[in-house]
$ cat structure.cif   # mmCIF, C-alpha atoms
data_start
loop_
_atom_site.label_atom_id
_atom_site.label_comp_id
_atom_site.auth_asym_id
_atom_site.auth_seq_id
_atom_site.Cartn_x
_atom_site.Cartn_y
_atom_site.Cartn_z
CA PHE A 25 20.95 21.60 -23.85
CA ALA A 26 21.90 22.03 -20.22
CA TYR A 27 22.84 18.85 -18.47
CA GLN A 28 22.04 18.24 -14.86
CA LYS A 29 24.16 15.92 -12.81
CA VAL A 30 22.37 13.73 -10.34
CA ARG A 31 24.47 12.06 -7.74
CA SER A 32 23.38 8.94 -6.07
CA PRO A 33 25.48 7.29 -3.43
CA LYS A 34 27.46 4.29 -4.58
CA LEU A 35 26.48 1.52 -2.21
CA SER A 36 27.65 -2.04 -2.12
CA PHE A 37 25.02 -4.74 -2.48
CA GLY A 38 24.96 -5.34 1.28
CA LYS A 39 24.60 -1.66 2.18
CA ALA A 40 21.94 -1.14 -0.49
CA PHE A 41 20.04 -4.17 0.85
CA VAL A 42 20.20 -2.83 4.42
CA LYS A 43 19.08 0.63 3.23
CA GLY A 44 16.14 -0.97 1.41
CA ILE A 45 15.12 -2.83 4.57
CA GLU A 46 15.41 0.38 6.62
CA GLU A 47 13.21 2.29 4.18
CA SER A 48 10.67 -0.56 4.08
CA VAL A 49 10.45 -0.62 7.88
CA SER A 50 10.09 3.17 7.90
CA THR A 51 7.22 2.91 5.40
CA PHE A 52 5.59 0.21 7.52
CA VAL A 53 5.84 2.39 10.65
CA LEU A 54 4.36 5.35 8.77
CA SER A 55 1.51 3.11 7.56
CA LEU A 56 0.77 2.06 11.14
CA LYS A 57 0.83 5.69 12.27
CA GLY A 58 -1.58 6.52 9.44
CA LEU A 59 -3.95 3.78 10.61
CA GLY A 60 -3.67 5.17 14.13
CA LEU A 61 -4.68 8.62 12.88
CA LEU A 62 -7.98 7.19 11.62
CA GLY A 63 -9.03 6.80 15.25
CA LYS A 64 -7.95 10.34 16.12
CA GLY A 65 -10.36 12.35 14.03
CA VAL A 66 -8.89 12.17 10.53
CA LYS A 67 -11.72 11.91 8.02
CA LEU A 68 -11.80 8.49 6.42
CA ASN A 69 -12.64 10.03 3.03
CA ASP A 70 -9.40 12.01 3.15
CA ALA A 71 -7.34 9.07 4.37
CA VAL A 72 -8.46 6.38 1.91
CA SER A 73 -7.33 6.54 -1.70
CA GLY A 74 -8.55 4.24 -4.43
CA PRO A 75 -7.10 3.49 -7.84
CA LEU A 76 -8.28 6.78 -9.38
CA ARG A 77 -6.62 9.00 -6.79
CA ILE A 78 -3.48 6.86 -6.68
CA SER A 79 -3.14 7.25 -10.46
CA TYR A 80 -3.66 10.99 -10.05
CA TYR A 81 -0.91 11.18 -7.40
CA VAL A 82 1.49 9.16 -9.56
CA GLY A 83 0.85 11.62 -12.40
CA GLU A 84 1.41 14.58 -10.07
CA VAL A 85 4.67 13.17 -8.74
CA ALA A 86 5.85 12.35 -12.25
CA THR A 87 4.98 15.81 -13.57
CA ASN A 88 6.56 17.66 -10.66
CA SER A 89 9.61 15.40 -10.62
CA ILE A 90 10.36 15.68 -14.34
CA GLN A 91 10.38 19.46 -13.94
CA LEU A 92 13.39 18.99 -11.65
CA GLY A 93 15.25 17.22 -14.45
CA LEU A 94 15.14 13.78 -15.95
CA GLY A 95 17.60 12.11 -13.56
CA GLU A 96 16.27 13.54 -10.32
CA GLY A 97 12.70 13.27 -11.60
CA LEU A 98 13.01 9.56 -12.28
CA VAL A 99 14.59 9.00 -8.88
CA ASN A 100 11.67 10.78 -7.18
CA LEU A 101 9.11 8.92 -9.27
CA PHE A 102 10.64 5.51 -8.55
CA ARG A 103 10.95 6.41 -4.85
CA PHE A 104 7.21 7.22 -4.76
CA LEU A 105 6.32 4.02 -6.64
CA SER A 106 8.44 1.93 -4.27
CA LEU A 107 6.77 3.62 -1.29
CA LEU A 108 3.39 2.77 -2.79
CA SER A 109 4.46 -0.82 -3.44
CA VAL A 110 5.73 -1.36 0.10
CA ALA A 111 2.59 0.21 1.60
CA LEU A 112 0.37 -2.07 -0.51
CA SER A 113 2.39 -5.15 0.42
CA PHE A 114 2.00 -4.39 4.11
CA GLY A 115 -1.69 -3.67 3.53
CA ASN A 116 -1.99 -7.17 2.11
CA LEU A 117 -0.90 -8.48 5.52
CA ILE A 118 -3.92 -6.97 7.28
CA PRO A 119 -5.80 -9.92 8.79
CA ILE A 120 -8.82 -9.71 6.50
CA PRO A 121 -10.01 -13.06 5.14
CA ALA A 122 -9.04 -13.53 1.47
CA LEU A 123 -5.88 -11.45 1.93
CA ASP A 124 -2.55 -13.01 2.86
CA GLY A 125 -2.93 -11.71 6.43
CA GLY A 126 -6.23 -13.56 6.75
CA LEU A 127 -4.66 -16.76 5.47
CA ILE A 128 -1.81 -16.37 7.99
CA VAL A 129 -4.39 -16.04 10.78
CA LEU A 130 -6.14 -19.15 9.50
CA ALA A 131 -2.84 -21.07 9.41
CA ILE A 132 -2.08 -20.01 13.00
CA ILE A 133 -5.53 -21.20 14.09
CA GLU A 134 -4.90 -24.55 12.37
CA MET A 135 -1.49 -24.85 14.08
CA ILE A 136 -3.01 -24.15 17.50
CA ARG A 137 -5.91 -26.56 16.96
CA ARG A 138 -3.65 -29.10 15.20
CA LYS A 139 -6.54 -29.72 12.91
CA ALA A 140 -7.40 -28.43 9.44
CA VAL A 141 -10.34 -26.12 9.03
CA ARG A 142 -13.28 -27.77 7.31
CA PRO A 143 -13.73 -26.76 3.65
CA ASN A 144 -17.16 -25.22 4.20
CA VAL A 145 -15.79 -23.07 7.09
CA PHE A 146 -12.89 -22.01 4.87
CA TYR A 147 -15.32 -21.15 2.06
CA ARG A 148 -17.45 -18.97 4.37
CA TYR A 149 -14.34 -17.34 5.84
CA GLN A 150 -13.11 -16.44 2.35
CA MET A 151 -16.56 -15.22 1.29
CA ILE A 152 -16.64 -12.81 4.24
CA GLY A 153 -13.23 -11.56 3.16
CA TYR A 154 -14.34 -10.99 -0.43
CA ILE A 155 -17.38 -9.04 0.77
CA VAL A 156 -15.14 -6.87 2.99
CA ILE A 157 -12.69 -6.26 0.12
CA ILE A 158 -15.48 -5.35 -2.31
CA ALA A 159 -16.91 -2.93 0.29
CA ILE A 160 -13.47 -1.33 0.76
CA MET A 161 -13.02 -1.04 -3.02
CA PHE A 162 -16.45 0.55 -3.37
CA PHE A 163 -15.76 2.99 -0.54
CA ALA A 164 -12.31 3.90 -1.91
CA THR A 165 -13.66 4.50 -5.42
CA ALA A 166 -16.53 6.61 -4.06
CA SER A 167 -14.01 8.56 -1.98
CA ASP A 168 -11.96 9.17 -5.15
CA ILE A 169 -15.02 10.44 -7.01
CA PHE A 170 -15.84 12.87 -4.18
CA PHE A 171 -12.18 13.97 -4.14
CA PHE A 172 -12.27 14.86 -7.84
CA MET A 173 -15.65 16.56 -7.50
CA LYS A 174 -14.14 18.92 -4.89
CA GLN A 175 -11.33 19.99 -7.23
#

$ encode --input "structure.cif" --output "structure tokens"
Amino acid sequence: FAYQKVRSPKLSFGKAFVKGIEESVSTFVLSLKGLGLLGKGVKLNDAVSGPLRISYYVGEVATNSIQLGLGEGLVNLFRFLSLLSVALSFGNLIPIPALDGGLIVLAIIEMIRRKAVRPNVFYRYQMIGYIVIIAIMFFATASDIFFFMKQ
């Protein structure tokens, strides 16, 4: 067997933490740029990926990365998974009711008004959010199906 050496920089905890923050901010900026491209003519079907296409991409990255060697392949795979995780966490902060971003908006409204939102208003607010999320999930899954039909 031929062994392949993979070198990764030895970083202290502090430097590794700072590097993680830098990469997270970079991912966030790229996510914002991607959202900006939606208004500049990029087809929404090509820009939105659902669970089927994300699983496909994870498999592609894993297959291509392992061909580079186990060490480097795992590094590439975990880098892609961390990118995906950070992008999804920032997506959760979008101010859609029922997501964390929507709850943050609601908390800010309550702080400004200095009064809690009535339960029936909160219920309707959350229901709108669930409808939006279900519509996005439906659209993303339909987009995935069309993506696989093209291939």

$ closest_residue --input "structure.cif" --among "A:Ile120, A:Ala164, A:Ile128, A:Ile133" --to "Tyr149 of chain A" --atoms "all atoms listed in the file"
A:Ile120

$ resolve_selection --input "structure.cif" --expression "the PyMOL selection byres ((chain A and resi 123) around 12)" --output "MDAnalysis selection string"
chainID A and resid 112:122 124:130 149:157

$ write_last_selection --input "structure.cif" --atoms "C-alpha atoms" --output "mmCIF file, keeping the file's coordinate frame"
data_model
loop_
_atom_site.group_PDB
_atom_site.id
_atom_site.type_symbol
_atom_site.label_atom_id
_atom_site.label_comp_id
_atom_site.auth_asym_id
_atom_site.auth_seq_id
_atom_site.Cartn_x
_atom_site.Cartn_y
_atom_site.Cartn_z
ATOM 1 C CA LEU A 112 0.370 -2.070 -0.510
ATOM 2 C CA SER A 113 2.390 -5.150 0.420
ATOM 3 C CA PHE A 114 2.000 -4.390 4.110
ATOM 4 C CA GLY A 115 -1.690 -3.670 3.530
ATOM 5 C CA ASN A 116 -1.990 -7.170 2.110
ATOM 6 C CA LEU A 117 -0.900 -8.480 5.520
ATOM 7 C CA ILE A 118 -3.920 -6.970 7.280
ATOM 8 C CA PRO A 119 -5.800 -9.920 8.790
ATOM 9 C CA ILE A 120 -8.820 -9.710 6.500
ATOM 10 C CA PRO A 121 -10.010 -13.060 5.140
ATOM 11 C CA ALA A 122 -9.040 -13.530 1.470
ATOM 12 C CA ASP A 124 -2.550 -13.010 2.860
ATOM 13 C CA GLY A 125 -2.930 -11.710 6.430
ATOM 14 C CA GLY A 126 -6.230 -13.560 6.750
ATOM 15 C CA LEU A 127 -4.660 -16.760 5.470
ATOM 16 C CA ILE A 128 -1.810 -16.370 7.990
ATOM 17 C CA VAL A 129 -4.390 -16.040 10.780
ATOM 18 C CA LEU A 130 -6.140 -19.150 9.500
ATOM 19 C CA TYR A 149 -14.340 -17.340 5.840
ATOM 20 C CA GLN A 150 -13.110 -16.440 2.350
ATOM 21 C CA MET A 151 -16.560 -15.220 1.290
ATOM 22 C CA ILE A 152 -16.640 -12.810 4.240
ATOM 23 C CA GLY A 153 -13.230 -11.560 3.160
ATOM 24 C CA TYR A 154 -14.340 -10.990 -0.430
ATOM 25 C CA ILE A 155 -17.380 -9.040 0.770
ATOM 26 C CA VAL A 156 -15.140 -6.870 2.990
ATOM 27 C CA ILE A 157 -12.690 -6.260 0.120
#

$ closest_residue --input "structure.cif" --among "A:Lys39, A:Gly44, A:Lys64, A:Pro75" --to "Phe163 of chain A" --atoms "all atoms listed in the file"
A:Pro75

$ resolve_selection --input "structure.cif" --expression "the PyMOL selection byres ((chain A and resi 96-108) around 12)" --output "PyMOL selection string"
chain A and resi 27-32+44+47-52+54-55+73+75+78-79+81-95+109-115

$ atom_distance --input "structure.cif" --atom1 "atom CA of Phe170 of chain A" --atom2 "atom CA of Leu61 of chain A"
20.8 Å

$ atom_distance --input "structure.cif" --atom1 "atom CA of Gln175 of chain A" --atom2 "atom CA of Leu76 of chain A"
13.7 Å

$ atom_distance --input "structure.cif" --atom1 "atom CA of Met161 of chain A" --atom2 "atom CA of Lys57 of chain A"
21.7 Å

$ residues_around --input "structure.cif" --residues "Gly74 of chain A" --least-positions-apart "6" --cutoff "10 Å" --atoms "only C-alpha atoms" --output "VMD selection string"
chain A and resid 160 to 169
